[in-house]
file model.cif (mmCIF, C-alpha atoms)
data_start
loop_
_atom_site.label_atom_id
_atom_site.label_comp_id
_atom_site.auth_asym_id
_atom_site.auth_seq_id
_atom_site.Cartn_x
_atom_site.Cartn_y
_atom_site.Cartn_z
CA MET U 1 36.08 17.18 63.85
CA LYS U 2 39.11 17.77 66.11
CA LYS U 3 37.80 15.23 68.62
CA THR U 4 37.24 12.64 65.87
CA LEU U 5 40.71 13.17 64.44
CA LEU U 6 42.25 12.87 67.91
CA ILE U 7 40.47 9.56 68.51
CA THR U 8 41.59 8.30 65.11
CA THR U 9 45.20 9.31 65.73
CA CYS U 10 45.27 7.69 69.18
CA PHE U 11 43.83 4.48 67.75
CA LEU U 12 46.42 4.31 64.99
CA ILE U 13 49.29 4.92 67.41
CA CYS U 14 48.05 2.05 69.58
CA ALA U 15 47.32 -0.16 66.58
CA SER U 16 50.80 0.31 65.13
CA ALA U 17 52.15 -1.79 68.01
CA PHE U 18 49.69 -4.58 67.11
CA CYS U 19 50.86 -5.37 63.61
CA PHE U 20 49.09 -8.03 61.58
CA ASP U 21 50.69 -9.98 58.77
CA TRP U 22 49.20 -10.18 55.31
CA PRO U 23 46.91 -13.18 54.73
CA GLN U 24 48.62 -14.03 51.44
CA SER U 25 52.29 -14.79 50.91
CA GLU U 26 53.58 -11.83 48.92
CA VAL U 27 52.24 -8.29 48.79
CA THR U 28 53.42 -5.84 46.13
CA ASN U 29 51.89 -2.84 44.41
CA ASN U 30 50.15 -5.25 42.02
CA SER U 31 48.61 -7.42 44.74
CA PHE U 32 45.15 -5.80 44.79
CA ASN U 33 42.21 -5.48 42.43
CA SER U 34 40.55 -2.95 44.74
CA TYR U 35 41.81 -0.80 47.62
CA PHE U 36 40.10 0.08 50.89
CA GLY U 37 37.65 2.96 50.40
CA GLN U 38 37.17 2.28 46.71
CA ASN U 39 33.78 2.57 44.99
CA ARG U 40 32.12 -0.85 44.96
CA GLY U 41 28.75 -0.47 43.28
CA GLY U 42 27.98 2.78 45.07
CA ILE U 43 29.22 1.51 48.47
CA LEU U 44 32.46 2.45 50.19
CA SER U 45 34.55 -0.70 50.19
CA THR U 46 35.64 -1.78 53.67
CA SER U 47 37.91 -4.43 52.14
CA VAL U 48 41.00 -4.89 50.08
CA VAL U 49 40.52 -7.41 47.26
CA PHE U 50 43.57 -9.38 46.19
CA SER U 51 44.42 -9.73 42.52
CA GLU U 52 45.62 -13.36 42.49
CA PRO U 53 44.18 -16.56 44.00
CA ASP U 54 46.34 -18.12 46.72
CA GLU U 55 46.28 -19.90 50.07
CA VAL U 56 44.76 -17.74 52.80
CA LYS U 57 46.41 -17.48 56.22
CA ALA U 58 45.28 -16.08 59.56
CA ALA U 59 46.73 -12.57 59.80
CA GLU U 60 47.33 -12.86 63.56
CA ASP U 61 46.63 -15.15 66.52
CA GLY U 62 42.92 -15.15 67.20
CA TYR U 63 39.69 -16.94 67.98
CA ILE U 64 37.25 -18.26 65.40
CA THR U 65 33.98 -16.38 65.83
CA ALA U 66 32.13 -17.38 62.65
CA ILE U 67 32.35 -19.53 59.57
CA ILE U 68 29.91 -18.30 56.95
CA THR U 69 28.92 -20.80 54.28
CA GLU U 70 25.57 -19.36 53.23
CA ASN U 71 24.61 -15.89 52.00
CA SER U 72 22.62 -15.02 55.08
CA ASP U 73 24.16 -11.80 56.40
CA ASP U 74 23.25 -8.45 54.82
CA CYS U 75 25.13 -6.06 57.16
CA ASP U 76 27.27 -3.40 55.47
CA PHE U 77 30.38 -4.55 57.31
CA PHE U 78 29.72 -8.25 56.55
CA PRO U 79 27.82 -8.23 53.25
CA SER U 80 26.30 -11.44 51.94
CA THR U 81 28.51 -11.09 48.86
CA LEU U 82 31.43 -12.36 50.98
CA GLY U 83 30.35 -15.88 50.08
CA THR U 84 32.16 -18.52 52.14
CA ALA U 85 34.02 -16.56 54.81
CA VAL U 86 35.85 -16.90 58.12
CA ILE U 87 35.76 -14.26 60.86
CA LEU U 88 38.46 -14.17 63.55
CA ALA U 89 38.56 -12.11 66.76
CA HIS U 90 41.85 -10.63 68.00
CA ASN U 91 43.14 -8.43 70.81
CA ASP U 92 42.11 -4.77 71.07
CA ASP U 93 38.55 -5.57 69.84
CA LEU U 94 39.80 -6.13 66.29
CA ILE U 95 38.20 -8.61 63.90
CA SER U 96 39.67 -9.95 60.66
CA VAL U 97 37.41 -11.17 57.86
CA TYR U 98 38.43 -13.50 55.03
CA GLY U 99 35.84 -13.68 52.24
CA ASN U 100 35.39 -15.37 48.86
CA LEU U 101 36.95 -18.63 50.10
CA ASP U 102 36.79 -22.07 48.53
CA ALA U 103 34.55 -24.03 50.92
CA GLU U 104 36.11 -27.38 49.94
CA THR U 105 39.55 -26.25 51.16
CA LEU U 106 38.43 -24.92 54.56
CA THR U 107 40.66 -26.27 57.34
CA LEU U 108 38.31 -25.14 60.13
CA ASN U 109 35.43 -27.32 61.27
CA ASN U 110 33.97 -25.93 64.47
CA GLU U 111 34.00 -22.17 64.96
CA LYS U 112 33.55 -22.46 68.74
CA GLU U 113 36.08 -25.22 69.30
CA HIS U 114 39.50 -23.60 69.10
CA SER U 115 41.76 -20.64 68.58
CA ILE U 116 44.02 -20.21 65.58
CA ASP U 117 47.66 -19.21 65.28
CA GLY U 118 48.80 -16.38 63.07
CA GLY U 119 50.05 -17.77 59.76
CA ALA U 120 47.89 -20.92 59.95
CA ILE U 121 46.23 -21.86 56.66
CA ILE U 122 42.49 -21.16 56.64
CA ALA U 123 41.57 -22.15 53.06
CA SER U 124 42.29 -21.24 49.48
CA SER U 125 40.60 -18.26 47.91
CA GLY U 126 37.65 -19.33 45.78
CA ASN U 127 34.65 -18.23 43.76
CA SER U 128 31.99 -18.14 46.45
CA GLY U 129 31.56 -14.37 46.68
CA TYR U 130 30.47 -11.51 44.46
CA GLN U 131 33.51 -11.69 42.21
CA GLU U 132 32.05 -13.81 39.39
CA ASN U 133 34.63 -16.52 38.85
CA ASN U 134 37.57 -14.45 40.12
CA GLY U 135 39.17 -16.54 42.86
CA ASN U 136 40.45 -13.59 44.86
CA LEU U 137 40.48 -13.08 48.62
CA GLU U 138 38.42 -10.24 50.07
CA PHE U 139 40.04 -9.15 53.33
CA LYS U 140 38.92 -6.65 55.94
CA ILE U 141 39.60 -5.60 59.53
CA ILE U 142 36.85 -4.29 61.80
CA ASP U 143 37.21 -2.39 65.09
CA SER U 144 34.16 -3.84 66.85
CA LYS U 145 34.35 -1.48 69.81
CA ASN U 146 34.28 1.71 67.74
CA LYS U 147 32.14 0.24 64.93
CA ALA U 148 34.67 1.15 62.28
CA ALA U 149 36.42 -0.64 59.43
CA ILE U 150 40.19 -0.17 59.53
CA ASN U 151 42.29 0.17 56.39
CA PRO U 152 44.30 -3.09 56.53
CA VAL U 153 47.38 -1.33 55.16
CA VAL U 154 47.59 0.66 58.42
CA LEU U 155 48.23 -2.54 60.41
CA MET U 156 50.27 -4.50 57.89
CA PRO U 157 53.91 -4.58 56.83
CA ARG U 158 54.37 -1.96 54.10
CA ALA U 159 54.84 -2.92 50.47
CA GLU U 160 57.87 -1.26 48.90
CA GLU U 161 55.65 0.47 46.35
CA GLU U 162 51.99 1.28 45.79
CA ILE U 163 50.09 1.79 42.56
CA PRO U 164 50.95 5.37 41.49
CA LEU U 165 48.06 7.77 42.02
CA THR U 166 47.02 10.37 39.46
CA LEU U 167 45.52 13.77 40.25
CA SER U 168 43.66 15.09 37.23
CA GLY U 169 40.21 15.90 35.84
CA ILE U 170 39.38 18.45 38.56
CA ILE U 171 35.68 19.29 38.80
CA ILE U 172 34.13 21.92 41.09
CA VAL U 173 30.52 21.26 42.13
CA SER U 174 28.23 23.91 43.63
CA LYS U 175 25.48 23.41 46.23
CA ASN U 176 23.03 23.55 43.30
CA ASN U 177 24.87 20.57 41.78
CA ASP U 178 26.34 22.59 38.91
CA TYR U 179 29.58 21.04 37.58
CA TYR U 180 32.55 23.20 36.52
CA ASP U 181 35.74 21.95 34.89
CA ILE U 182 38.48 23.96 36.58
CA ASN U 183 40.54 24.03 33.39
CA THR U 184 37.68 25.92 31.72
CA TYR U 185 36.16 27.97 34.55
CA LYS U 186 38.44 30.27 36.56
CA THR U 187 35.72 32.50 38.06
CA TYR U 188 33.19 31.39 40.70
CA TYR U 189 30.50 32.94 42.84
CA SER U 190 31.03 32.81 46.59
CA GLY U 191 29.57 29.78 48.35
CA LEU U 192 30.27 26.20 49.41
CA TYR U 193 31.74 23.87 46.78
CA LYS U 194 32.83 20.25 46.61
CA VAL U 195 36.08 19.55 44.77
CA TYR U 196 36.50 16.28 42.87
CA PHE U 197 39.22 14.57 40.85
CA LYS U 198 39.17 11.72 38.34
CA ARG U 199 38.84 8.47 40.32
CA ASN U 200 41.70 6.01 40.10
CA PRO U 201 40.19 2.63 39.11
CA ILE U 202 42.04 0.44 41.66
CA ALA U 203 43.99 2.53 44.17
CA THR U 204 42.57 5.09 46.58
CA PRO U 205 44.57 7.86 48.26
CA TYR U 206 45.47 7.55 51.92
CA LYS U 207 44.73 11.26 52.35
CA THR U 208 43.26 14.05 50.25
CA SER U 209 43.20 17.75 51.07
CA VAL U 210 41.88 21.07 49.80
CA SER U 211 43.49 24.37 50.73
CA ILE U 212 42.70 28.03 50.11
CA ASN U 213 45.70 30.38 49.98
CA GLY U 214 47.85 27.78 51.68
CA ILE U 215 45.43 27.00 54.53
CA ILE U 216 43.93 23.50 54.59
CA VAL U 217 40.14 23.79 54.73
CA ASP U 218 39.32 20.08 54.43
CA GLN U 219 41.26 16.83 54.65
CA LEU U 220 39.89 13.32 54.14
CA SER U 221 41.62 10.29 55.62
CA TYR U 222 41.19 6.73 54.39
CA ASP U 223 42.61 5.08 57.51
CA MET U 224 39.14 4.01 58.64
CA ILE U 225 35.50 3.98 57.59
CA THR U 226 32.91 4.68 60.25
CA GLN U 227 29.20 3.98 60.35
CA GLU U 228 26.59 6.64 61.09
CA ASN U 229 22.82 6.28 60.68
CA ASN U 230 23.45 2.94 58.93
CA LYS U 231 25.66 4.62 56.32
CA LEU U 232 29.38 4.15 55.86
CA CYS U 233 31.42 7.35 56.02
CA ILE U 234 34.90 8.75 55.38
CA ILE U 235 36.00 11.36 57.91
CA GLY U 236 36.98 14.86 56.80
CA LYS U 237 35.77 18.12 58.28
CA LYS U 238 32.53 16.18 58.45
CA LYS U 239 31.49 12.59 57.75
CA TYR U 240 31.10 12.00 54.02
CA THR U 241 28.92 9.16 52.71
CA ALA U 242 29.56 7.09 49.59
CA ALA U 243 27.23 9.41 47.66
CA ASP U 244 29.42 12.36 48.68
CA ILE U 245 32.70 10.61 47.91
CA PHE U 246 31.61 9.09 44.59
CA PRO U 247 28.86 11.13 42.88
CA ASN U 248 29.35 8.91 39.82
CA ASP U 249 31.73 6.22 38.57
CA ASP U 250 34.27 8.77 37.32
CA LEU U 251 34.81 11.20 40.21
CA GLN U 252 36.13 11.05 43.79
CA LEU U 253 35.91 13.75 46.45
CA LEU U 254 38.99 15.73 47.48
CA GLY U 255 37.06 17.84 50.00
CA GLU U 256 34.81 20.85 50.49
CA ALA U 257 35.76 24.52 50.40
CA MET U 258 33.96 27.76 51.13
CA PHE U 259 34.76 30.27 48.38
CA THR U 260 34.78 33.87 49.62
CA PRO U 261 35.15 36.94 47.36
CA GLY U 262 38.61 37.78 46.10
CA ARG U 263 41.48 36.17 44.27
CA ALA U 264 42.53 32.81 45.69
CA THR U 265 44.91 29.94 45.14
CA LEU U 266 43.11 26.61 45.33
CA GLY U 267 45.51 23.85 46.42
CA LEU U 268 44.68 20.17 45.92
CA THR U 269 46.71 17.26 47.28
CA ILE U 270 46.54 13.47 47.36
CA SER U 271 49.03 11.13 49.03
CA ASP U 272 49.47 7.39 49.42
CA MET U 273 50.43 5.37 52.50
CA LEU U 274 54.13 5.67 51.66
CA GLY U 275 53.99 9.47 51.64
CA ASN U 276 54.12 9.95 47.87
CA VAL U 277 52.33 13.23 47.12
CA LYS U 278 50.64 14.69 44.04
CA GLN U 279 49.65 18.35 44.17
CA LEU U 280 47.92 20.89 41.92
CA ASN U 281 47.40 24.63 42.39
CA TYR U 282 44.89 26.85 40.58
CA ASN U 283 44.47 30.59 40.65
CA ILE U 284 40.77 31.47 40.69
CA LEU U 285 38.62 34.58 41.05
CA ILE U 286 35.64 34.51 43.43
CA LYS U 287 32.87 37.10 43.07
#
call {"tool": "encode", "arguments": {"input": "model.cif", "output": "structure tokens"}}
result
Amino acid sequence: MKKTLLITTCFLICASAFCFDWPQSEVTNNSFNSYFGQNRGGILSTSVVFSEPDEVKAAEDGYITAIITENSDDCDFFPSTLGTAVILAHNDDLISVYGNLDAETLTLNNEKEHSIDGGAIIASSGNSGYQENNGNLEFKIIDSKNKAAINPVVLMPRAEEEIPLTLSGIIIVSKNNDYYDINTYKTYYSGLYKVYFKRNPIATPYKTSVSINGIIVDQLSYDMITQENNKLCIIGKKKYTAADIFPNDDLQLLGEAMFTPGRATLGLTISDMLGNVKQLNYNILIK
């Protein structure tokens, strides 16, 4: 885990000097229908989905590597539900992907013919993807070298605000898949538990953590999504799959904790990219 976190940190430090611009004109806390890492039909979303149709611009200088006009690619990172899409290659092995475009407004003709300047118009967002008549851009950034999807917000100019996160509906789940509402159950048997909160419908936290008596025992980071054994994963003390993160449509994982006998304070925290923090503490008894 320490090695993985070190690699992630080093990447983000390097990436911060290679800042993209947003592919649509204005970005506010209401600009997205779905955040990076959100539950999309049981799959961890590697995209942000914009909330309003608009012209789509290249996020940075790059080279055109693909123009997708048919639903022929079923890879997790480039799902066929992108519809009409453009894929650009940039420095540092980064790739930007622009999906759900209007094919009739594409300004690019030959993907192998030329480079593109940052800010150049690619097309208008359209209805070619999964979004069922919602003309909204689906945008993602891939680190091709490390086979990871990068949270676009990490590389972009910050919005002044983000959608406020809520931390509520805490559920403790045992290894036997027994569910306990922490507001009802204050006593637990020793063992390994997953801790969940009520999923926010649009926003996802940038980080979540679980602590026991003030010591962090697990912390999940939504700065990137990696791929392992053909499954997309969020990195915490281990790699968590979509099934771990979202056991159903209502819950999202905060982290895992080993409960050992005694009285304990269970601390739960979520934070957004701007550093806004929500925290809850519960006093529990472990037998």
call {"tool": "closest_residue", "arguments": {"input": "model.cif", "among": "U:Leu266, U:Leu82, U:Val195, U:Ile234", "to": "U:Asp178", "atoms": "all atoms listed in the file"}}
result
U:Val195
call {"tool": "closest_residue", "arguments": {"input": "model.cif", "among": "U:Lys231, U:Ser190, U:Asn200, U:Ser31", "to": "U:Arg263", "atoms": "all atoms listed in the file"}}
result
U:Ser190
call {"tool": "residues_around", "arguments": {"input": "model.cif", "residues": "stretch 137-144 of chain U", "least_positions_apart": "6", "cutoff": "7 Å", "atoms": "all atoms listed in the file", "output": "mmCIF file with C-alpha atoms, keeping the file's coordinate frame"}}
result
data_model
loop_
_atom_site.group_PDB
_atom_site.id
_atom_site.type_symbol
_atom_site.label_atom_id
_atom_site.label_comp_id
_atom_site.auth_asym_id
_atom_site.auth_seq_id
_atom_site.Cartn_x
_atom_site.Cartn_y
_atom_site.Cartn_z
ATOM 1 C CA THR U 46 35.640 -1.780 53.670
ATOM 2 C CA SER U 47 37.910 -4.430 52.140
ATOM 3 C CA VAL U 48 41.000 -4.890 50.080
ATOM 4 C CA VAL U 49 40.520 -7.410 47.260
ATOM 5 C CA PHE U 50 43.570 -9.380 46.190
ATOM 6 C CA PRO U 53 44.180 -16.560 44.000
ATOM 7 C CA ASP U 93 38.550 -5.570 69.840
ATOM 8 C CA LEU U 94 39.800 -6.130 66.290
ATOM 9 C CA ILE U 95 38.200 -8.610 63.900
ATOM 10 C CA SER U 96 39.670 -9.950 60.660
ATOM 11 C CA VAL U 97 37.410 -11.170 57.860
ATOM 12 C CA TYR U 98 38.430 -13.500 55.030
ATOM 13 C CA GLY U 99 35.840 -13.680 52.240
ATOM 14 C CA ASN U 100 35.390 -15.370 48.860
ATOM 15 C CA LEU U 101 36.950 -18.630 50.100
ATOM 16 C CA SER U 125 40.600 -18.260 47.910
ATOM 17 C CA ILE U 150 40.190 -0.170 59.530
ATOM 18 C CA PRO U 152 44.300 -3.090 56.530
#
call {"tool": "residues_near_point", "arguments": {"input": "model.cif", "point": "(28.1, 8.8, 58.0)", "cutoff": "12 Å", "atoms": "all atoms listed in the file", "output": "PyMOL selection string"}}
result
chain U and resi 44+147-148+225-236+238-245
call {"tool": "residues_around", "arguments": {"input": "model.cif", "residues": "stretch 155-164 of chain U", "least_positions_apart": "3", "cutoff": "10 Å", "atoms": "all atoms listed in the file", "output": "count of residues only"}}
result
35
call {"tool": "residues_around", "arguments": {"input": "model.cif", "residues": "U:Lys207", "least_positions_apart": "5", "cutoff": "8 Å", "atoms": "all atoms listed in the file", "output": "PyMOL selection string"}}
result
chain U and resi 219-222+270-272
call {"tool": "resolve_selection", "arguments": {"input": "model.cif", "expression": "the PyMOL selection byres ((chain U and resi 255) around 7)", "output": "list in words"}}
result
Lys194, Val195, Ser209, Val210, Asp218, Gln219, Leu220, Leu253, Leu254, Glu256 and Ala257 of chain U
call {"tool": "write_last_selection", "arguments": {"input": "model.cif", "atoms": "C-alpha atoms", "output": "mmCIF file, keeping the file's coordinate frame"}}
result
data_model
loop_
_atom_site.group_PDB
_atom_site.id
_atom_site.type_symbol
_atom_site.label_atom_id
_atom_site.label_comp_id
_atom_site.auth_asym_id
_atom_site.auth_seq_id
_atom_site.Cartn_x
_atom_site.Cartn_y
_atom_site.Cartn_z
ATOM 1 C CA LYS U 194 32.830 20.250 46.610
ATOM 2 C CA VAL U 195 36.080 19.550 44.770
ATOM 3 C CA SER U 209 43.200 17.750 51.070
ATOM 4 C CA VAL U 210 41.880 21.070 49.800
ATOM 5 C CA ASP U 218 39.320 20.080 54.430
ATOM 6 C CA GLN U 219 41.260 16.830 54.650
ATOM 7 C CA LEU U 220 39.890 13.320 54.140
ATOM 8 C CA LEU U 253 35.910 13.750 46.450
ATOM 9 C CA LEU U 254 38.990 15.730 47.480
ATOM 10 C CA GLU U 256 34.810 20.850 50.490
ATOM 11 C CA ALA U 257 35.760 24.520 50.400
#
call {"tool": "axis_aligned_box", "arguments": {"input": "model.cif", "around": "stretch 186-191 of chain U", "padding_each_side": "6 Å", "output": "lines of an AutoDock Vina configuration file"}}
result
center_x = 34.0
center_y = 31.4
center_z = 42.5
size_x = 20.9
size_y = 15.2
size_z = 23.8
call {"tool": "residues_near_point", "arguments": {"input": "model.cif", "point": "(41.1, -18.9, 50.9)", "cutoff": "6 Å", "atoms": "all atoms listed in the file", "output": "list in words"}}
result
Glu55, Val56, Leu101, Asp102, Ala123, Ser124 and Ser125 of chain U
call {"tool": "resolve_selection", "arguments": {"input": "model.cif", "expression": "the PyMOL selection byres ((chain U and resi 213) around 10)", "output": "PDB file with C-alpha atoms, in the frame of the given file"}}
result
ATOM      1  CA  SER U 211      43.490  24.370  50.730  1.00  0.00           C
ATOM      2  CA  ILE U 212      42.700  28.030  50.110  1.00  0.00           C
ATOM      3  CA  GLY U 214      47.850  27.780  51.680  1.00  0.00           C
ATOM      4  CA  ILE U 215      45.430  27.000  54.530  1.00  0.00           C
ATOM      5  CA  ILE U 216      43.930  23.500  54.590  1.00  0.00           C
ATOM      6  CA  VAL U 217      40.140  23.790  54.730  1.00  0.00           C
ATOM      7  CA  ARG U 263      41.480  36.170  44.270  1.00  0.00           C
ATOM      8  CA  ALA U 264      42.530  32.810  45.690  1.00  0.00           C
ATOM      9  CA  THR U 265      44.910  29.940  45.140  1.00  0.00           C
ATOM     10  CA  LEU U 266      43.110  26.610  45.330  1.00  0.00           C
ATOM     11  CA  GLY U 267      45.510  23.850  46.420  1.00  0.00           C
ATOM     12  CA  ASN U 281      47.400  24.630  42.390  1.00  0.00           C
ATOM     13  CA  ASN U 283      44.470  30.590  40.650  1.00  0.00           C
TER      14      ASN U 283
END
call {"tool": "resolve_selection", "arguments": {"input": "model.cif", "expression": "the PyMOL selection byres ((chain U and resi 166-168) around 6)", "output": "JSON, numbers by chain"}}
result
{"U": [165, 169, 170, 197, 198]}
call {"tool": "atom_distance", "arguments": {"input": "model.cif", "atom1": "atom CA of U:Ala149", "atom2": "atom CA of U:Asn136"}}
result
19.9 Å
call {"tool": "atom_distance", "arguments": {"input": "model.cif", "atom1": "atom CA of U:Asn127", "atom2": "atom CA of U:Glu60"}}
result
24.1 Å
call {"tool": "closest_residue", "arguments": {"input": "model.cif", "among": "U:Glu104, U:Val153, U:Tyr188, U:Val173", "to": "U:Tyr206", "atoms": "all atoms listed in the file"}}
result
U:Val153
call {"tool": "closest_residue", "arguments": {"input": "model.cif", "among": "U:Ala66, U:Ile284, U:Asn146, U:Met258", "to": "U:Lys175", "atoms": "all atoms listed in the file"}}
result
U:Met258
call {"tool": "closest_residue", "arguments": {"input": "model.cif", "among": "U:Lys145, U:Ile87, U:Ala103, U:Gln38", "to": "U:Thr69", "atoms": "all atoms listed in the file"}}
result
U:Ala103
call {"tool": "atom_distance", "arguments": {"input": "model.cif", "atom1": "atom CA of U:Ile121", "atom2": "atom CA of U:Gly83"}}
result
18.2 Å
call {"tool": "residues_around", "arguments": {"input": "model.cif", "residues": "U:Tyr63", "least_positions_apart": "6", "cutoff": "12 Å", "atoms": "all atoms listed in the file", "output": "MDAnalysis selection string"}}
result
chainID U and resid 86:91 93:97 108 110:118
call {"tool": "closest_residue", "arguments": {"input": "model.cif", "among": "U:Ser51, U:Val154, U:Gln252, U:Gln24", "to": "U:Met224", "atoms": "only C-alpha atoms"}}
result
U:Val154
call {"tool": "build_atoms", "arguments": {"input": "model.cif", "residues": "stretch 94-109 of chain U", "atoms": "N, CA, C and O atoms", "output": "PDB file, in the frame of the given file"}}
result
ATOM      1  N   LEU U  94      39.677  -6.079  67.742  1.00  0.00           N
ATOM      2  CA  LEU U  94      39.800  -6.130  66.290  1.00  0.00           C
ATOM      3  C   LEU U  94      39.327  -7.470  65.751  1.00  0.00           C
ATOM      4  O   LEU U  94      39.491  -8.516  66.393  1.00  0.00           O
ATOM      5  N   ILE U  95      38.725  -7.425  64.573  1.00  0.00           N
ATOM      6  CA  ILE U  95      38.200  -8.610  63.900  1.00  0.00           C
ATOM      7  C   ILE U  95      38.772  -8.643  62.487  1.00  0.00           C
ATOM      8  O   ILE U  95      38.799  -7.616  61.794  1.00  0.00           O
ATOM      9  N   SER U  96      39.238  -9.799  62.054  1.00  0.00           N
ATOM     10  CA  SER U  96      39.670  -9.950  60.660  1.00  0.00           C
ATOM     11  C   SER U  96      38.692 -10.847  59.923  1.00  0.00           C
ATOM     12  O   SER U  96      38.174 -11.823  60.475  1.00  0.00           O
ATOM     13  N   VAL U  97      38.425 -10.486  58.669  1.00  0.00           N
ATOM     14  CA  VAL U  97      37.410 -11.170  57.860  1.00  0.00           C
ATOM     15  C   VAL U  97      38.049 -11.626  56.552  1.00  0.00           C
ATOM     16  O   VAL U  97      38.719 -10.837  55.871  1.00  0.00           O
ATOM     17  N   TYR U  98      37.834 -12.889  56.221  1.00  0.00           N
ATOM     18  CA  TYR U  98      38.430 -13.500  55.030  1.00  0.00           C
ATOM     19  C   TYR U  98      37.275 -14.006  54.160  1.00  0.00           C
ATOM     20  O   TYR U  98      36.629 -15.008  54.496  1.00  0.00           O
ATOM     21  N   GLY U  99      36.991 -13.334  53.060  1.00  0.00           N
ATOM     22  CA  GLY U  99      35.840 -13.680  52.240  1.00  0.00           C
ATOM     23  C   GLY U  99      36.226 -14.222  50.880  1.00  0.00           C
ATOM     24  O   GLY U  99      37.379 -14.136  50.449  1.00  0.00           O
ATOM     25  N   ASN U 100      35.224 -14.779  50.190  1.00  0.00           N
ATOM     26  CA  ASN U 100      35.390 -15.370  48.860  1.00  0.00           C
ATOM     27  C   ASN U 100      36.340 -16.575  48.921  1.00  0.00           C
ATOM     28  O   ASN U 100      37.239 -16.733  48.099  1.00  0.00           O
ATOM     29  N   LEU U 101      36.119 -17.444  49.920  1.00  0.00           N
ATOM     30  CA  LEU U 101      36.950 -18.630  50.100  1.00  0.00           C
ATOM     31  C   LEU U 101      36.357 -19.829  49.370  1.00  0.00           C
ATOM     32  O   LEU U 101      35.156 -19.892  49.079  1.00  0.00           O
ATOM     33  N   ASP U 102      37.217 -20.795  49.101  1.00  0.00           N
ATOM     34  CA  ASP U 102      36.790 -22.070  48.530  1.00  0.00           C
ATOM     35  C   ASP U 102      36.372 -22.975  49.688  1.00  0.00           C
ATOM     36  O   ASP U 102      37.203 -23.408  50.497  1.00  0.00           O
ATOM     37  N   ALA U 103      35.076 -23.264  49.781  1.00  0.00           N
ATOM     38  CA  ALA U 103      34.550 -24.030  50.920  1.00  0.00           C
ATOM     39  C   ALA U 103      35.189 -25.410  51.032  1.00  0.00           C
ATOM     40  O   ALA U 103      35.379 -25.936  52.137  1.00  0.00           O
ATOM     41  N   GLU U 104      35.555 -26.027  49.903  1.00  0.00           N
ATOM     42  CA  GLU U 104      36.110 -27.380  49.940  1.00  0.00           C
ATOM     43  C   GLU U 104      37.507 -27.429  50.532  1.00  0.00           C
ATOM     44  O   GLU U 104      37.976 -28.496  50.920  1.00  0.00           O
ATOM     45  N   THR U 105      38.184 -26.265  50.620  1.00  0.00           N
ATOM     46  CA  THR U 105      39.550 -26.250  51.160  1.00  0.00           C
ATOM     47  C   THR U 105      39.606 -25.719  52.589  1.00  0.00           C
ATOM     48  O   THR U 105      40.692 -25.572  53.153  1.00  0.00           O
ATOM     49  N   LEU U 106      38.450 -25.418  53.188  1.00  0.00           N
ATOM     50  CA  LEU U 106      38.430 -24.920  54.560  1.00  0.00           C
ATOM     51  C   LEU U 106      39.100 -25.903  55.504  1.00  0.00           C
ATOM     52  O   LEU U 106      38.806 -27.103  55.490  1.00  0.00           O
ATOM     53  N   THR U 107      39.994 -25.413  56.349  1.00  0.00           N
ATOM     54  CA  THR U 107      40.660 -26.270  57.340  1.00  0.00           C
ATOM     55  C   THR U 107      39.982 -26.196  58.691  1.00  0.00           C
ATOM     56  O   THR U 107      40.370 -26.910  59.614  1.00  0.00           O
ATOM     57  N   LEU U 108      38.976 -25.357  58.845  1.00  0.00           N
ATOM     58  CA  LEU U 108      38.310 -25.140  60.130  1.00  0.00           C
ATOM     59  C   LEU U 108      36.958 -25.841  60.122  1.00  0.00           C
ATOM     60  O   LEU U 108      36.192 -25.718  59.167  1.00  0.00           O
ATOM     61  N   ASN U 109      36.665 -26.548  61.197  1.00  0.00           N
ATOM     62  CA  ASN U 109      35.430 -27.320  61.270  1.00  0.00           C
ATOM     63  C   ASN U 109      34.431 -26.770  62.264  1.00  0.00           C
ATOM     64  O   ASN U 109      33.240 -26.722  62.003  1.00  0.00           O
TER      65      ASN U 109
END
